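Notes for the one structure printed next.
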Amino acid sequence: MSALTIRQAAGAEYSRVLGIGGVRGENVVTNDDLAGPIDSSDEWIRQRTGIVTRRRAGAGVDVIDLAEAAALKAIAAAGLTGADIDAVLFATTTYFHQTPAAAAVLADRIGATPAAAFDVSAACAGYAYGIAQADALVRSGAAQHVLVVGAEKMSDFVDPTDRSISFLLGDGAGAAVVGPSDTPGIGPTIWGSDGGKAPAIRQTHAWSDLREHPELGWPTLRQDGQTVFKWAAFQMAPIAEKALAAAGVTAQDVQAFIPHQANMRIIDQMIKQLGLPESVAVARDIAETGNTSAASIPLATERLLAEGLARSGDLALQIGFGAGLVYAAQVIVLP
């Protein structure tokens with residue numbers, strides 16, 4: 001009996017980011033606004049994190065509202081409509097429903113139905129994970145145009161009396177459309193995880209604990225600051241170097257560096273370790289937006305382009321890292 005031969009999908013040889021968009025929470029929250037409950041000061045927060053303000057959304061805005069606004073901007077920037085999107089990847093950790101997936105709801109809102117849709121739970125690395133998957137979907141032929149969204153309403157998980165992470169966090173959404181390209185536009189992704197360090201960034205307790213112990217109250221976030229700082233500042237630069245090597249370029253070849261906006265001191269340490277030239281545009285959106293987890297890389301990218309610090313066609317090194325602990329890095333051509 002002869003074996004049957006099946007067809008296997010094949011797509012574009014290359015892919016690239018075609019458009020990007022972002023939105024931030026409408027409320028500007030200063031360090032002075034938060035300093036009292038954590039017995040701190042504007043000076044202490046600036047010195048430790050580089051944050052001057054963070055943006056937070058109002059009570060009537062949820063994470064899908066933020067995602068929708070960013071997605072529509074990215075789709076328009078790519079010269080497309082929602083109907084052109086055939087896969088939606090939604091990176092978030094702040095969507096309250098276990099099901100249905102936020103991506104399916106978002107796809108309907110932007111007019112992309114019946115696009116494939118699924119959520120990505122990789123915290124601060126979620127957007128970079130999404131770009132890796134979008135690249136694979138386009139080049140495999142599984143999709144033509146993929147929308148990748150990183151959106152978070154981190155303020156929903158803040159304990160205003162917590163000194164470990166609460167003053168870092170902001171709300172926002174960033175989105176990118178990935179599609180076929182005649183030339184390489186997304187380098188190989190270097191990604192991984194270290195679950196042994198998972199408690200370093202954690203939720204205070206599980207949602208299921210509330211069934212038997214409602215007195216625990218709403219779960220919020222905590223981090224072990226020194227553990228996270230050492231891991232991010234000293235172990236992520238070698239990951240970024242691997243992404244450069246995999247793409248066939250060096251630190252001298254890139255025009256922009258877009259790390260997860262976790263802490264300005266982490267960013268500065270990574271620049272030093274990577275030996276980036278002074279000519280490289282470095283994303284520092286954290287100073288005004290705060291740490292928006294999965295949204296931070298696309299928001300920082302959008303700001304660099306909007307302010308003219310980076311241009312379409314520039315090579316950018318981006319790296320996401322955070323809770324899990326998970327990470328992902330790749331070199332991309334800016335849209």
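So you can find residues: chains in the structure tokens are A, B, ... in the order shown, residues in each start at 1, and ligands are numbered from 1 in order.
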
Each residue of region 211-326 of chain A with at least one atom at most 7 Å from region 119-133 of chain A should appear once, together with its nearest atom pair and the corresponding distance in Å (one decimal); atoms considered: only C-alpha atoms; ordering: chain, then increasing residue number; output as JSON lines.
```
{"residue": "A:His260", "atom": "CA", "partner": "A:Cys124", "partner_atom": "CA", "distance": 6.9}
{"residue": "A:Ser293", "atom": "CA", "partner": "A:Cys124", "partner_atom": "CA", "distance": 4.2}
{"residue": "A:Ala294", "atom": "CA", "partner": "A:Cys124", "partner_atom": "CA", "distance": 4.4}
{"residue": "A:Ala295", "atom": "CA", "partner": "A:Tyr127", "partner_atom": "CA", "distance": 7.0}
{"residue": "A:Ile319", "atom": "CA", "partner": "A:Ala128", "partner_atom": "CA", "distance": 6.8}
{"residue": "A:Gly320", "atom": "CA", "partner": "A:Ala125", "partner_atom": "CA", "distance": 4.1}
{"residue": "A:Phe321", "atom": "CA", "partner": "A:Ala125", "partner_atom": "CA", "distance": 4.8}
{"residue": "A:Gly322", "atom": "CA", "partner": "A:Cys124", "partner_atom": "CA", "distance": 4.9}
{"residue": "A:Ala323", "atom": "CA", "partner": "A:Ala123", "partner_atom": "CA", "distance": 5.7}
{"residue": "A:Val326", "atom": "CA", "partner": "A:Ala125", "partner_atom": "CA", "distance": 6.5}
```

Using N, CA, C and O atoms, can you write the selected residues to a file as a short mmCIF file (atom, residue, chain, number, x, y, z; two decimals), in the first residue's frame?
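What follows is the written file out.cif:
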```cif
data_model
loop_
_atom_site.label_atom_id
_atom_site.label_comp_id
_atom_site.auth_asym_id
_atom_site.auth_seq_id
_atom_site.Cartn_x
_atom_site.Cartn_y
_atom_site.Cartn_z
N HIS A 260 12.50 45.92 27.17
CA HIS A 260 11.34 46.06 28.04
C HIS A 260 11.60 47.20 29.01
O HIS A 260 12.70 47.34 29.57
N SER A 293 4.43 46.24 31.21
CA SER A 293 4.55 44.80 30.96
C SER A 293 4.53 44.50 29.46
O SER A 293 5.37 45.00 28.72
N ALA A 294 3.58 43.71 28.98
CA ALA A 294 3.58 43.27 27.58
C ALA A 294 3.43 44.42 26.60
O ALA A 294 3.77 44.29 25.42
N ALA A 295 2.94 45.58 27.06
CA ALA A 295 2.74 46.72 26.17
C ALA A 295 4.00 47.57 26.02
O ALA A 295 4.06 48.43 25.15
N ILE A 319 14.10 43.35 23.24
CA ILE A 319 14.15 42.23 24.17
C ILE A 319 13.12 42.43 25.28
O ILE A 319 13.05 43.50 25.89
N GLY A 320 12.33 41.41 25.50
CA GLY A 320 11.36 41.41 26.59
C GLY A 320 11.78 40.41 27.65
O GLY A 320 12.32 39.35 27.33
N PHE A 321 11.52 40.74 28.91
CA PHE A 321 11.89 39.84 30.01
C PHE A 321 11.05 40.17 31.23
O PHE A 321 10.72 41.33 31.48
N GLY A 322 10.68 39.13 31.97
CA GLY A 322 9.88 39.40 33.16
C GLY A 322 9.34 38.14 33.79
O GLY A 322 9.93 37.06 33.71
N ALA A 323 8.16 38.29 34.42
CA ALA A 323 7.58 37.24 35.26
C ALA A 323 7.58 35.90 34.56
O ALA A 323 7.22 35.79 33.40
N VAL A 326 10.62 34.69 32.10
CA VAL A 326 10.70 34.37 30.67
C VAL A 326 11.35 35.53 29.93
O VAL A 326 11.35 36.67 30.41
#
```

Shell of 6 Å around region 271-283 of chain A, only C-alpha atoms, local chain residues under 6 positions omitted, as a short mmCIF file (atom, residue, chain, number, x, y, z; two decimals) with N, CA and C atoms, in the first residue's frame:
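Output saved as out.cif:
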```cif
data_model
loop_
_atom_site.label_atom_id
_atom_site.label_comp_id
_atom_site.auth_asym_id
_atom_site.auth_seq_id
_atom_site.Cartn_x
_atom_site.Cartn_y
_atom_site.Cartn_z
N ALA A 251 26.35 44.80 17.46
CA ALA A 251 25.83 45.98 18.16
C ALA A 251 26.13 47.25 17.39
N GLN A 255 20.44 50.57 14.81
CA GLN A 255 20.16 51.99 15.01
C GLN A 255 19.30 52.27 16.24
N ALA A 256 18.65 51.22 16.77
CA ALA A 256 17.77 51.42 17.92
C ALA A 256 17.83 50.22 18.86
N PHE A 257 17.71 50.50 20.15
CA PHE A 257 17.66 49.46 21.17
C PHE A 257 16.37 49.67 21.95
N ILE A 258 15.50 48.63 21.94
CA ILE A 258 14.18 48.75 22.54
C ILE A 258 13.98 47.61 23.54
N ALA A 300 7.17 51.78 23.44
CA ALA A 300 8.47 52.44 23.33
C ALA A 300 8.89 52.59 21.88
#
```

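Excluding region 66-80 of chain A itself and same-chain residues fewer than 3 positions from it, the residues having an atom within 8 Å of it are Leu18, Gly19, Ile20, Gly21, Gly22, Val23, Arg24, Gly25, Val61, Asp62, Val63, Asp84, Leu106, Arg109, Ile110, Leu147, Val149, Gly150, Ala151, Glu152, Gly172, Ala173, Gly174, Ala175, Ala176 and Val177 of chain A, counting only C-alpha atoms.
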
Looking at only C-alpha atoms, which of A:Ala240, A:Ala59, A:Ile64, A:Ala287 is the one that sits closest to Val105 (chain A)?
A:Ile64

Report as a PyMOL selection string: the residues of region 15-227 of chain A with a DSSP assignment of alpha helix (DSSP H), based on the backbone of this structure.
chain A and resi 31-35+42-49+63-77+102-109+126-140+209-212+225-227

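Comparing the minimum interatomic distances between Arg303 (chain A) and each of A:Ala102, A:Ala206, A:Val333, A:Ile286, counting only C-alpha atoms, we find that A:Ile286 sits nearest.
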
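The gap separating CA of Arg284 (chain A) from CA of Glu241 (chain A) is 19.9 Å, in Å to one decimal.
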
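On the backbone of this structure, DSSP gives strand (DSSP E or B) within region 177-257 of chain A to Val177, Val178, Gly179, Pro180, Ser181, Ile186, Ile190, Trp191, Gly192, Ser193, Ile201, Arg202, Gln203, Leu221, Arg222, Gln223, Ala256 and Phe257 of chain A.
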
Could those selected residues go to a file with N, CA, C and O atoms, as a PDB file, in the first residue's frame?
```pdb
ATOM      1  N   VAL A 177       1.439  45.043  13.196  1.00  0.00           N
ATOM      2  CA  VAL A 177       0.966  44.143  12.146  1.00  0.00           C
ATOM      3  C   VAL A 177       2.183  43.544  11.467  1.00  0.00           C
ATOM      4  O   VAL A 177       3.086  44.268  11.036  1.00  0.00           O
ATOM      5  N   VAL A 178       2.231  42.221  11.409  1.00  0.00           N
ATOM      6  CA  VAL A 178       3.320  41.505  10.748  1.00  0.00           C
ATOM      7  C   VAL A 178       2.780  40.877   9.472  1.00  0.00           C
ATOM      8  O   VAL A 178       1.711  40.252   9.474  1.00  0.00           O
ATOM      9  N   GLY A 179       3.510  41.055   8.383  1.00  0.00           N
ATOM     10  CA  GLY A 179       3.071  40.507   7.110  1.00  0.00           C
ATOM     11  C   GLY A 179       4.253  40.115   6.241  1.00  0.00           C
ATOM     12  O   GLY A 179       5.414  40.215   6.661  1.00  0.00           O
ATOM     13  N   PRO A 180       3.989  39.666   5.013  1.00  0.00           N
ATOM     14  CA  PRO A 180       5.050  39.200   4.124  1.00  0.00           C
ATOM     15  C   PRO A 180       5.956  40.335   3.668  1.00  0.00           C
ATOM     16  O   PRO A 180       5.549  41.492   3.601  1.00  0.00           O
ATOM     17  N   SER A 181       7.188  39.985   3.329  1.00  0.00           N
ATOM     18  CA  SER A 181       8.180  40.974   2.909  1.00  0.00           C
ATOM     19  C   SER A 181       9.071  40.376   1.824  1.00  0.00           C
ATOM     20  O   SER A 181       9.294  39.158   1.789  1.00  0.00           O
ATOM     21  N   ILE A 186      12.532  40.280  10.198  1.00  0.00           N
ATOM     22  CA  ILE A 186      12.489  39.829  11.591  1.00  0.00           C
ATOM     23  C   ILE A 186      13.536  38.732  11.763  1.00  0.00           C
ATOM     24  O   ILE A 186      13.453  37.674  11.131  1.00  0.00           O
ATOM     25  N   ILE A 190      15.551  34.558  20.031  1.00  0.00           N
ATOM     26  CA  ILE A 190      16.229  33.833  21.103  1.00  0.00           C
ATOM     27  C   ILE A 190      15.336  33.958  22.327  1.00  0.00           C
ATOM     28  O   ILE A 190      15.129  35.063  22.847  1.00  0.00           O
ATOM     29  N   TRP A 191      14.772  32.836  22.765  1.00  0.00           N
ATOM     30  CA  TRP A 191      13.833  32.909  23.882  1.00  0.00           C
ATOM     31  C   TRP A 191      14.032  31.749  24.835  1.00  0.00           C
ATOM     32  O   TRP A 191      14.730  30.784  24.527  1.00  0.00           O
ATOM     33  N   GLY A 192      13.425  31.881  26.009  1.00  0.00           N
ATOM     34  CA  GLY A 192      13.584  30.830  27.001  1.00  0.00           C
ATOM     35  C   GLY A 192      12.925  31.221  28.310  1.00  0.00           C
ATOM     36  O   GLY A 192      12.175  32.197  28.385  1.00  0.00           O
ATOM     37  N   SER A 193      13.220  30.439  29.362  1.00  0.00           N
ATOM     38  CA  SER A 193      12.595  30.681  30.652  1.00  0.00           C
ATOM     39  C   SER A 193      13.475  30.118  31.768  1.00  0.00           C
ATOM     40  O   SER A 193      14.357  29.294  31.519  1.00  0.00           O
ATOM     41  N   ILE A 201       8.784  37.335  40.739  1.00  0.00           N
ATOM     42  CA  ILE A 201       7.680  38.238  40.376  1.00  0.00           C
ATOM     43  C   ILE A 201       6.418  37.400  40.467  1.00  0.00           C
ATOM     44  O   ILE A 201       6.265  36.436  39.719  1.00  0.00           O
ATOM     45  N   ARG A 202       5.527  37.765  41.353  1.00  0.00           N
ATOM     46  CA  ARG A 202       4.438  36.845  41.666  1.00  0.00           C
ATOM     47  C   ARG A 202       3.160  37.582  42.050  1.00  0.00           C
ATOM     48  O   ARG A 202       3.180  38.770  42.383  1.00  0.00           O
ATOM     49  N   GLN A 203       2.074  36.837  42.008  1.00  0.00           N
ATOM     50  CA  GLN A 203       0.789  37.299  42.531  1.00  0.00           C
ATOM     51  C   GLN A 203       0.714  36.892  43.999  1.00  0.00           C
ATOM     52  O   GLN A 203       1.208  35.819  44.369  1.00  0.00           O
ATOM     53  N   LEU A 221       0.322  42.283  42.905  1.00  0.00           N
ATOM     54  CA  LEU A 221       1.640  41.838  42.476  1.00  0.00           C
ATOM     55  C   LEU A 221       2.719  42.192  43.492  1.00  0.00           C
ATOM     56  O   LEU A 221       2.623  43.199  44.195  1.00  0.00           O
ATOM     57  N   ARG A 222       3.752  41.372  43.525  1.00  0.00           N
ATOM     58  CA  ARG A 222       4.940  41.607  44.339  1.00  0.00           C
ATOM     59  C   ARG A 222       6.174  41.185  43.538  1.00  0.00           C
ATOM     60  O   ARG A 222       6.088  40.350  42.639  1.00  0.00           O
ATOM     61  N   GLN A 223       7.323  41.752  43.886  1.00  0.00           N
ATOM     62  CA  GLN A 223       8.563  41.268  43.300  1.00  0.00           C
ATOM     63  C   GLN A 223       9.690  41.346  44.317  1.00  0.00           C
ATOM     64  O   GLN A 223       9.647  42.151  45.248  1.00  0.00           O
ATOM     65  N   ALA A 256      18.647  51.217  16.774  1.00  0.00           N
ATOM     66  CA  ALA A 256      17.765  51.417  17.922  1.00  0.00           C
ATOM     67  C   ALA A 256      17.833  50.216  18.860  1.00  0.00           C
ATOM     68  O   ALA A 256      17.973  49.070  18.415  1.00  0.00           O
ATOM     69  N   PHE A 257      17.715  50.495  20.149  1.00  0.00           N
ATOM     70  CA  PHE A 257      17.662  49.459  21.172  1.00  0.00           C
ATOM     71  C   PHE A 257      16.371  49.666  21.945  1.00  0.00           C
ATOM     72  O   PHE A 257      16.136  50.731  22.530  1.00  0.00           O
TER      73      PHE A 257
END
```

Residue nearest Asp194 (chain A) - candidates A:Leu325, A:Val138, A:Leu315, A:Ala245, atoms counted: only C-alpha atoms
A:Leu325

Excluding Asn263 (chain A) and residues on its chain fewer than 3 positions from it, collect all residues at most 12 Å away from it, counting only C-alpha atoms, and give them as JSON, numbers by chain.
{"A": [45, 46, 47, 48, 49, 50, 51, 52, 165, 167, 168, 169, 225, 228, 229, 230, 232, 233, 259, 260, 266, 267, 268, 269, 270, 283, 284, 285, 286, 287, 288, 289, 290, 291, 292, 293, 296, 321, 322]}

What gap, in Å, lies between CA of Ala116 (chain A) and CA of Ala87 (chain A)?
4.5 Å

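Take the candidates A:Leu89, A:Ala237, A:Ala83, A:Ile332 and check each one against Tyr14 (chain A) using only C-alpha atoms; the shortest distance goes to A:Ile332.
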
Can you pull out every residue within 9 Å of Thr183 (chain A), counting only C-alpha atoms, but drop anything in the same chain fewer than 4 positions away, and send it as a ChimeraX atom specification?
/A:13-16

Residue subset to file, keeping C-alpha atoms, as a short mmCIF file (atom, residue, chain, number, x, y, z; two decimals), in the first residue's frame:
```cif
data_model
loop_
_atom_site.label_atom_id
_atom_site.label_comp_id
_atom_site.auth_asym_id
_atom_site.auth_seq_id
_atom_site.Cartn_x
_atom_site.Cartn_y
_atom_site.Cartn_z
CA GLU A 13 10.10 33.67 2.38
CA TYR A 14 10.40 36.68 4.67
CA SER A 15 8.26 38.70 7.06
CA ARG A 16 8.43 42.14 8.66
#
```

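Here CA of Ala35 (chain A) and CA of Ser166 (chain A) stand 10.5 Å from one another.
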
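If you measure from each of A:Ser164, A:His213, A:Pro184, A:Val28 to Gln226 (chain A) using only C-alpha atoms, the closest one turns out to be A:Ser164.
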